[in-house]
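Source file: entry.pdb (PDB, C-alpha atoms)
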```pdb
ATOM      1  CA  MET A   1       0.000   0.000   0.000
ATOM      2  CA  LYS A   2       1.350   3.380  -0.889
ATOM      3  CA  LEU A   3       0.538   6.208   1.463
ATOM      4  CA  TRP A   4       1.896   9.591   2.451
ATOM      5  CA  ALA A   5       2.755  10.591   5.973
ATOM      6  CA  THR A   6       5.145  12.952   7.647
ATOM      7  CA  ASN A   7       6.830  10.245   9.713
ATOM      8  CA  GLU A   8       6.943   6.486  10.173
ATOM      9  CA  VAL A   9       4.577   6.398  13.124
ATOM     10  CA  ARG A  10       1.938   8.320  11.244
ATOM     11  CA  ALA A  11       2.475   6.086   8.247
ATOM     12  CA  LYS A  12       1.819   2.942  10.231
ATOM     13  CA  SER A  13      -1.292   4.464  11.727
ATOM     14  CA  LYS A  14      -2.579   5.463   8.326
ATOM     15  CA  PHE A  15      -1.831   1.970   7.068
ATOM     16  CA  TRP A  16      -4.169   0.450   9.610
ATOM     17  CA  TYR A  17      -6.784   3.102   8.871
ATOM     18  CA  PHE A  18      -6.857   2.145   5.222
ATOM     19  CA  LEU A  19      -6.549  -1.579   5.844
ATOM     20  CA  ARG A  20      -9.555  -1.552   8.114
ATOM     21  CA  LYS A  21     -11.532  -0.135   5.240
ATOM     22  CA  LEU A  22     -10.443  -3.008   3.021
ATOM     23  CA  LYS A  23     -10.388  -6.009   5.319
ATOM     24  CA  LYS A  24     -11.782  -6.852   8.728
ATOM     25  CA  VAL A  25      -8.474  -6.563  10.575
ATOM     26  CA  LYS A  26      -7.273  -4.266  13.317
ATOM     27  CA  LYS A  27      -3.818  -3.276  14.465
ATOM     28  CA  SER A  28      -4.138  -5.623  17.416
ATOM     29  CA  HIS A  29      -4.773  -8.575  15.118
ATOM     30  CA  GLY A  30      -2.165  -7.736  12.546
ATOM     31  CA  GLN A  31       1.479  -7.140  12.041
ATOM     32  CA  ILE A  32       3.221  -4.750   9.723
ATOM     33  CA  LEU A  33       5.989  -6.671   8.014
ATOM     34  CA  ALA A  34       7.838  -3.903   6.303
ATOM     35  CA  ILE A  35       7.653  -0.197   5.910
ATOM     36  CA  ASN A  36       9.868   1.320   3.245
ATOM     37  CA  GLU A  37      10.297   4.868   2.095
ATOM     38  CA  ILE A  38       9.900   5.214  -1.616
ATOM     39  CA  PHE A  39      12.330   7.683  -3.153
ATOM     40  CA  GLU A  40      11.842   9.449  -6.426
ATOM     41  CA  LYS A  41      13.592   7.682  -9.267
ATOM     42  CA  LYS A  42      14.429  10.783 -11.256
ATOM     43  CA  PRO A  43      14.120  13.926  -9.159
ATOM     44  CA  THR A  44      15.929  15.940 -11.802
ATOM     45  CA  THR A  45      13.179  15.741 -14.426
ATOM     46  CA  ILE A  46       9.878  17.569 -14.432
ATOM     47  CA  LYS A  47       6.778  15.429 -14.530
ATOM     48  CA  ASN A  48       3.051  16.042 -14.613
ATOM     49  CA  TYR A  49       1.405  14.271 -11.723
ATOM     50  CA  GLY A  50      -2.268  13.398 -11.699
ATOM     51  CA  ILE A  51      -3.687  12.814  -8.247
ATOM     52  CA  TRP A  52      -7.104  11.293  -7.598
ATOM     53  CA  VAL A  53      -8.419  12.412  -4.233
ATOM     54  CA  ARG A  54     -11.385  11.577  -2.052
ATOM     55  CA  TYR A  55     -12.060  14.275   0.477
ATOM     56  CA  GLN A  56     -14.614  15.141   3.083
ATOM     57  CA  SER A  57     -16.196  18.539   2.781
ATOM     58  CA  ARG A  58     -18.671  20.121   5.148
ATOM     59  CA  THR A  59     -21.502  18.519   3.266
ATOM     60  CA  GLY A  60     -20.209  15.095   2.302
ATOM     61  CA  TYR A  61     -17.537  13.135   0.467
ATOM     62  CA  HIS A  62     -16.372  14.084  -3.000
ATOM     63  CA  ASN A  63     -13.878  12.828  -5.529
ATOM     64  CA  MET A  64     -11.447  15.037  -7.320
ATOM     65  CA  TYR A  65      -8.770  14.775  -9.934
ATOM     66  CA  LYS A  66      -5.919  17.284  -9.683
ATOM     67  CA  GLU A  67      -2.847  17.825 -11.756
ATOM     68  CA  TYR A  68       0.499  19.203 -10.633
ATOM     69  CA  ARG A  69       3.796  19.837 -12.259
ATOM     70  CA  ASP A  70       6.707  18.901 -10.051
ATOM     71  CA  THR A  71       9.991  17.054  -9.974
ATOM     72  CA  THR A  72       8.964  14.519  -7.323
ATOM     73  CA  LEU A  73       5.754  12.723  -6.403
ATOM     74  CA  ASN A  74       6.103  13.809  -2.791
ATOM     75  CA  GLY A  75       6.376  17.397  -3.957
ATOM     76  CA  ALA A  76       3.212  17.051  -5.997
ATOM     77  CA  VAL A  77       1.362  15.464  -3.073
ATOM     78  CA  GLU A  78       2.506  18.295  -0.820
ATOM     79  CA  GLN A  79       1.209  20.764  -3.389
ATOM     80  CA  MET A  80      -2.071  18.898  -3.404
ATOM     81  CA  TYR A  81      -2.483  19.079   0.355
ATOM     82  CA  ASP A  82      -1.655  22.769   0.352
ATOM     83  CA  GLU A  83      -4.064  23.462  -2.489
ATOM     84  CA  MET A  84      -6.908  21.497  -0.929
ATOM     85  CA  ALA A  85      -6.421  23.372   2.300
ATOM     86  CA  SER A  86      -6.412  26.747   0.620
ATOM     87  CA  ARG A  87      -9.039  26.273  -2.072
ATOM     88  CA  HIS A  88     -11.482  24.010  -0.270
ATOM     89  CA  ARG A  89     -10.562  24.405   3.409
ATOM     90  CA  VAL A  90     -10.024  20.652   3.625
ATOM     91  CA  ARG A  91      -7.525  19.609   6.251
ATOM     92  CA  ALA A  92      -5.082  16.776   5.757
ATOM     93  CA  PRO A  93      -6.926  14.132   7.855
ATOM     94  CA  CYS A  94      -9.986  14.538   5.635
ATOM     95  CA  ILE A  95      -8.095  13.769   2.429
ATOM     96  CA  GLN A  96      -7.572  10.268   1.058
ATOM     97  CA  ILE A  97      -5.336   9.787  -1.917
ATOM     98  CA  ILE A  98      -6.937   7.235  -4.177
ATOM     99  CA  LYS A  99      -4.342   7.101  -6.875
ATOM    100  CA  THR A 100      -1.367   8.980  -8.198
ATOM    101  CA  ALA A 101       0.213   8.723 -11.600
ATOM    102  CA  THR A 102       2.637  10.525 -13.824
ATOM    103  CA  VAL A 103       0.683  11.784 -16.765
ATOM    104  CA  HIS A 104       2.143  12.291 -20.205
ATOM    105  CA  SER A 105       1.877  15.872 -21.427
ATOM    106  CA  LYS A 106      -0.525  14.820 -24.179
ATOM    107  CA  LEU A 107      -2.942  13.336 -21.670
ATOM    108  CA  CYS A 108      -3.045  16.206 -19.214
ATOM    109  CA  LYS A 109      -6.497  17.594 -18.654
ATOM    110  CA  ARG A 110      -5.944  20.838 -16.812
ATOM    111  CA  GLU A 111      -5.173  24.052 -18.681
ATOM    112  CA  ASN A 112      -3.043  25.154 -15.776
ATOM    113  CA  THR A 113      -0.517  22.373 -16.355
ATOM    114  CA  LYS A 114      -0.948  22.329 -20.120
ATOM    115  CA  GLN A 115       0.125  25.961 -20.403
ATOM    116  CA  PHE A 116       3.640  24.942 -19.349
ATOM    117  CA  HIS A 117       3.934  22.317 -22.073
ATOM    118  CA  ASP A 118       5.739  24.702 -24.359
ATOM    119  CA  SER A 119       9.348  24.112 -25.296
ATOM    120  CA  THR A 120       9.840  27.799 -26.055
ATOM    121  CA  ILE A 121       8.007  29.050 -23.012
ATOM    122  CA  LYS A 122       8.397  32.693 -22.198
ATOM    123  CA  PHE A 123       6.726  34.780 -19.515
ATOM    124  CA  PRO A 124       7.629  37.918 -17.601
ATOM    125  CA  LEU A 125       7.811  37.977 -13.833
ATOM    126  CA  THR A 126       5.476  40.889 -13.384
ATOM    127  CA  HIS A 127       5.714  42.990 -10.238
ATOM    128  CA  HIS A 128       9.201  41.793  -9.507
ATOM    129  CA  LYS A 129       9.848  42.543  -5.840
ATOM    130  CA  ILE A 130      13.533  42.755  -5.019
ATOM    131  CA  ARG A 131      14.365  41.687  -1.504
ATOM    132  CA  PRO A 132      17.602  42.032   0.433
ATOM    133  CA  PRO A 133      19.799  38.932   0.104
ATOM    134  CA  THR A 134      19.823  38.326   3.851
ATOM    135  CA  ARG A 135      17.324  39.030   6.603
ATOM    136  CA  LYS A 136      19.982  41.087   8.328
ATOM    137  CA  LEU A 137      19.983  43.680   5.535
ATOM    138  CA  LYS A 138      16.229  44.217   5.801
ATOM    139  CA  THR A 139      15.320  47.766   6.897
ATOM    140  CA  THR A 140      11.976  49.262   7.851
ATOM    141  CA  TYR A 141      12.571  52.374   5.783
ATOM    142  CA  LYS A 142      14.227  52.805   2.440
ATOM    143  CA  ALA A 143      15.544  55.943   0.811
ATOM    144  CA  SER A 144      13.873  55.313  -2.534
ATOM    145  CA  ARG A 145      10.875  53.474  -3.848
ATOM    146  CA  PRO A 146      11.684  50.179  -5.528
ATOM    147  CA  ASN A 147      11.278  49.655  -9.246
ATOM    148  CA  THR A 148       9.218  46.496  -9.637
ATOM    149  CA  PHE A 149       8.951  46.680 -13.409
ATOM    150  CA  VAL A 150       9.434  43.175 -14.799
TER
ATOM    151  CA  MET B   1      22.296  34.257 -10.398
ATOM    152  CA  VAL B   2      20.921  33.130  -7.028
ATOM    153  CA  ASN B   3      20.030  36.226  -5.017
ATOM    154  CA  TYR B   4      18.940  34.711  -1.690
ATOM    155  CA  GLY B   5      19.796  31.890   0.602
ATOM    156  CA  PRO B   6      22.882  29.763   1.195
ATOM    157  CA  SER B   7      23.976  29.757  -2.447
ATOM    158  CA  TYR B   8      23.851  33.527  -2.777
ATOM    159  CA  GLY B   9      25.922  34.749  -5.698
ATOM    160  CA  LYS B  10      26.055  31.410  -7.454
ATOM    161  CA  LEU B  11      25.577  31.318 -11.196
ATOM    162  CA  VAL B  12      23.015  28.740 -12.262
ATOM    163  CA  VAL B  13      21.490  27.935 -15.613
ATOM    164  CA  ILE B  14      17.715  27.760 -15.976
ATOM    165  CA  VAL B  15      17.250  24.449 -17.716
ATOM    166  CA  ASP B  16      13.457  24.190 -17.693
ATOM    167  CA  VAL B  17      10.378  25.799 -16.221
ATOM    168  CA  ILE B  18       8.333  23.772 -13.748
ATOM    169  CA  ASP B  19       5.452  26.157 -13.257
ATOM    170  CA  GLN B  20       4.738  29.798 -12.720
ATOM    171  CA  ASN B  21       6.955  30.086  -9.690
ATOM    172  CA  ARG B  22       9.707  27.541 -10.082
ATOM    173  CA  ALA B  23      12.421  26.684 -12.518
ATOM    174  CA  LEU B  24      14.627  23.662 -12.906
ATOM    175  CA  VAL B  25      18.084  24.965 -12.336
ATOM    176  CA  ASP B  26      21.463  23.417 -12.959
ATOM    177  CA  SER B  27      25.141  24.158 -12.576
ATOM    178  CA  PRO B  28      28.250  22.030 -13.149
ATOM    179  CA  ASP B  29      28.834  21.662  -9.405
ATOM    180  CA  MET B  30      25.328  20.939  -8.151
ATOM    181  CA  VAL B  31      22.597  18.357  -8.560
ATOM    182  CA  ARG B  32      19.856  19.630 -10.853
ATOM    183  CA  GLY B  33      17.015  20.940  -8.721
ATOM    184  CA  ALA B  34      14.049  23.236  -8.465
ATOM    185  CA  MET B  35      14.391  26.838  -7.415
ATOM    186  CA  ASN B  36      11.850  29.561  -6.974
ATOM    187  CA  PHE B  37      12.082  32.473  -9.395
ATOM    188  CA  LYS B  38      12.096  34.775  -6.396
ATOM    189  CA  ARG B  39      15.528  33.454  -5.531
ATOM    190  CA  LEU B  40      16.898  34.066  -8.989
ATOM    191  CA  SER B  41      18.066  37.218 -10.661
ATOM    192  CA  LEU B  42      18.344  37.039 -14.401
ATOM    193  CA  THR B  43      21.711  38.022 -15.803
ATOM    194  CA  ASP B  44      22.162  38.815 -19.467
ATOM    195  CA  LEU B  45      24.469  35.846 -20.007
ATOM    196  CA  LYS B  46      22.914  33.268 -22.300
ATOM    197  CA  ILE B  47      23.979  29.804 -23.321
ATOM    198  CA  ASP B  48      22.881  27.927 -26.385
ATOM    199  CA  ILE B  49      21.440  24.706 -25.024
ATOM    200  CA  PRO B  50      18.344  22.636 -25.726
ATOM    201  CA  ARG B  51      15.640  22.486 -23.094
ATOM    202  CA  MET B  52      16.900  19.705 -20.785
ATOM    203  CA  PRO B  53      20.561  19.187 -21.608
ATOM    204  CA  LYS B  54      22.666  16.395 -20.201
ATOM    205  CA  LYS B  55      25.122  17.415 -17.509
ATOM    206  CA  LYS B  56      28.085  17.014 -19.849
ATOM    207  CA  GLN B  57      26.370  19.031 -22.592
ATOM    208  CA  LEU B  58      25.690  21.780 -20.090
ATOM    209  CA  SER B  59      29.273  21.845 -18.795
ATOM    210  CA  GLU B  60      30.636  21.973 -22.345
ATOM    211  CA  ALA B  61      28.278  24.770 -23.311
ATOM    212  CA  ILE B  62      29.302  26.764 -20.243
ATOM    213  CA  GLU B  63      32.962  26.168 -21.069
ATOM    214  CA  SER B  64      32.630  27.241 -24.697
ATOM    215  CA  ALA B  65      30.639  30.340 -23.775
ATOM    216  CA  ASP B  66      33.217  31.142 -21.072
ATOM    217  CA  ILE B  67      30.456  32.174 -18.710
ATOM    218  CA  TYR B  68      32.453  32.446 -15.509
ATOM    219  CA  LYS B  69      35.085  34.672 -17.092
ATOM    220  CA  LYS B  70      32.448  36.885 -18.673
ATOM    221  CA  TRP B  71      30.688  37.086 -15.325
ATOM    222  CA  ALA B  72      33.850  38.035 -13.460
ATOM    223  CA  ASN B  73      34.512  40.775 -16.006
ATOM    224  CA  SER B  74      30.996  42.183 -15.991
ATOM    225  CA  SER B  75      30.256  45.107 -13.673
ATOM    226  CA  TRP B  76      27.712  43.062 -11.721
ATOM    227  CA  GLY B  77      30.165  40.197 -11.315
ATOM    228  CA  ARG B  78      32.954  42.516 -10.223
ATOM    229  CA  LYS B  79      30.700  44.102  -7.608
ATOM    230  CA  LEU B  80      29.960  40.657  -6.168
ATOM    231  CA  ILE B  81      33.662  39.846  -6.003
ATOM    232  CA  VAL B  82      34.313  43.091  -4.129
ATOM    233  CA  GLN B  83      31.413  42.324  -1.758
ATOM    234  CA  LYS B  84      32.863  38.917  -1.027
ATOM    235  CA  LYS B  85      36.340  40.304  -0.494
ATOM    236  CA  ARG B  86      35.060  42.944   1.907
ATOM    237  CA  ALA B  87      33.098  40.363   3.885
ATOM    238  CA  SER B  88      36.127  38.115   4.223
ATOM    239  CA  LEU B  89      38.613  40.737   5.453
ATOM    240  CA  ASN B  90      40.296  40.144   8.766
ATOM    241  CA  ASP B  91      41.296  42.925  11.130
ATOM    242  CA  PHE B  92      44.744  43.339   9.629
ATOM    243  CA  ASP B  93      43.258  43.565   6.145
ATOM    244  CA  ARG B  94      40.834  46.208   7.329
ATOM    245  CA  PHE B  95      43.787  48.117   8.826
ATOM    246  CA  LYS B  96      45.591  47.930   5.499
ATOM    247  CA  VAL B  97      42.479  49.217   3.730
ATOM    248  CA  MET B  98      42.247  52.084   6.206
ATOM    249  CA  VAL B  99      45.900  53.022   5.652
ATOM    250  CA  ALA B 100      45.437  52.888   1.875
ATOM    251  CA  ARG B 101      42.350  55.110   2.041
ATOM    252  CA  VAL B 102      44.100  57.635   4.275
ATOM    253  CA  LYS B 103      47.053  57.681   1.876
ATOM    254  CA  ARG B 104      44.782  58.170  -1.114
ATOM    255  CA  GLY B 105      42.882  60.911   0.715
ATOM    256  CA  SER B 106      46.070  62.741   1.606
ATOM    257  CA  LEU B 107      47.272  62.620  -2.029
ATOM    258  CA  ILE B 108      43.961  64.046  -3.203
ATOM    259  CA  LYS B 109      44.025  66.746  -0.540
ATOM    260  CA  ARG B 110      47.571  67.677  -1.463
ATOM    261  CA  GLU B 111      46.601  68.150  -5.120
ATOM    262  CA  LEU B 112      43.515  70.069  -4.079
ATOM    263  CA  ALA B 113      45.603  72.370  -1.869
ATOM    264  CA  LYS B 114      47.931  72.991  -4.810
ATOM    265  CA  LEU B 115      45.013  73.914  -7.058
ATOM    266  CA  ARG B 116      43.614  76.212  -4.376
ATOM    267  CA  LYS B 117      46.930  78.000  -4.004
ATOM    268  CA  GLU B 118      47.110  78.500  -7.780
ATOM    269  CA  LYS B 119      43.600  79.883  -7.781
ATOM    270  CA  ALA B 120      44.309  82.268  -4.950
TER
END
```
Just dump the structure as structure tokens.
Amino acid sequence: MKLWATNEVRAKSKFWYFLRKLKKVKKSHGQILAINEIFEKKPTTIKNYGIWVRYQSRTGYHNMYKEYRDTTLNGAVEQMYDEMASRHRVRAPCIQIIKTATVHSKLCKRENTKQFHDSTIKFPLTHHKIRPPTRKLKTTYKASRPNTFV
Amino acid sequence: MVNYGPSYGKLVVIVDVIDQNRALVDSPDMVRGAMNFKRLSLTDLKIDIPRMPKKKQLSEAIESADIYKKWANSSWGRKLIVQKKRASLNDFDRFKVMVARVKRGSLIKRELAKLRKEKA
């Protein structure tokens, strides 16, 4: 079973949570044989991840399919949790990841990910805020207004 | 160039764009990784590479374009070198700098006094 947790203890707990939904077995009747961290095979390439989610909202359970562009699956899952929390106010315990997959660019469904499938991509960083290179050099007042033009 | 964080001042090549906020960034001495655009300042140095070059391709392209030399000779690059030097001075070095500045100031003042005398 593949699941995402911040540490091993949480992972084992989540394992039993999901297993109880599949089979009539509890932690006291079972034994976890192995728990292995899965590392990203190629963290230096960008992939499109599709994540199928089941989440509990204030009014019931819903399914969702979300796409993310990231270098690692864990990064994409983290993006998913952050996005669900911000867009739908769904906290992490109420989210179940049904399935994750790397999606080929041709099969991506969301415009948001498809807009980056351009080999000659070009976009300006509008409102470019320049910040001091260390926190120490931050000052409350500055002599001149910054130029944030692109 | 990286403008924030532990690798401040490092020159990295943007190899691909992940999404609106992040780029895949690479350099001959680091593992290819993601970096936020907020941490990057675009220089005007460009290399001719395809979108996701192999490490060797990238190193060769950097070599042939002589990026590090061009950077060290550019005004921005020189300013960074001076910044680094100033930050790494020890007390004796700072004393030497002080002596040199005083000497330079006295030379300037001497010339200025000469010009004033001529004027008067």
Within 8 Å of (13.4, 21.6, -11.1) (file coordinates; only C-alpha atoms), which protein or nucleic acid residues are there? I'd like them as a PyMOL selection string. (chain A and resi 43-46+70-71) or (chain B and resi 16-18+22-25+32-35)
Selection dump of the PyMOL selection byres ((chain A) within 9 of (chain B)), as number ranges by chain: A: 43-47, 68-71, 112-113, 115-116, 119-121, 123, 125, 128-134
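Taking all atoms listed in the file into account, Leu3 (chain A) lies nearest to A:Ile95 out of the set A:Ile95, A:Leu33, A:Ala143, A:Met84.
Proximity of A:Arg58, A:Lys122, A:Lys42, A:His127 to Cys94 (chain A), computed with only C-alpha atoms, is greatest for A:Arg58.
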Selection result for the PyMOL selection byres ((chain B and resi 45) around 9) on this file, as a ChimeraX atom specification: /B:42-44,46-47,67,70-71
Would you save the residues of that selection, restricted to C-alpha atoms, as an mmCIF file, in the frame of the given file?
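The result, stored in part24.cif:
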```cif
data_model
loop_
_atom_site.group_PDB
_atom_site.id
_atom_site.type_symbol
_atom_site.label_atom_id
_atom_site.label_comp_id
_atom_site.auth_asym_id
_atom_site.auth_seq_id
_atom_site.Cartn_x
_atom_site.Cartn_y
_atom_site.Cartn_z
ATOM 1 C CA LEU B 42 18.344 37.039 -14.401
ATOM 2 C CA THR B 43 21.711 38.022 -15.803
ATOM 3 C CA ASP B 44 22.162 38.815 -19.467
ATOM 4 C CA LYS B 46 22.914 33.268 -22.300
ATOM 5 C CA ILE B 47 23.979 29.804 -23.321
ATOM 6 C CA ILE B 67 30.456 32.174 -18.710
ATOM 7 C CA LYS B 70 32.448 36.885 -18.673
ATOM 8 C CA TRP B 71 30.688 37.086 -15.325
#
```
In the coordinates of the file, take the point (2.4, 13.1, -10.4) and a cut-off of 12 Å; then, counting only C-alpha atoms, name each qualifying protein, DNA or RNA residue as an NGL selection string. :A and (40 or 43 or 45-52 or 65-80 or 97 or 99-105 or 108 or 113)
For the atom pair CA of Met30 (chain B) and CA of Asp66 (chain B), what is the interatomic distance in Å to one decimal place? 18.3 Å
Between CA of Ser59 (chain B) and CA of Lys85 (chain B), what is the distance, to one decimal in Å? 26.9 Å
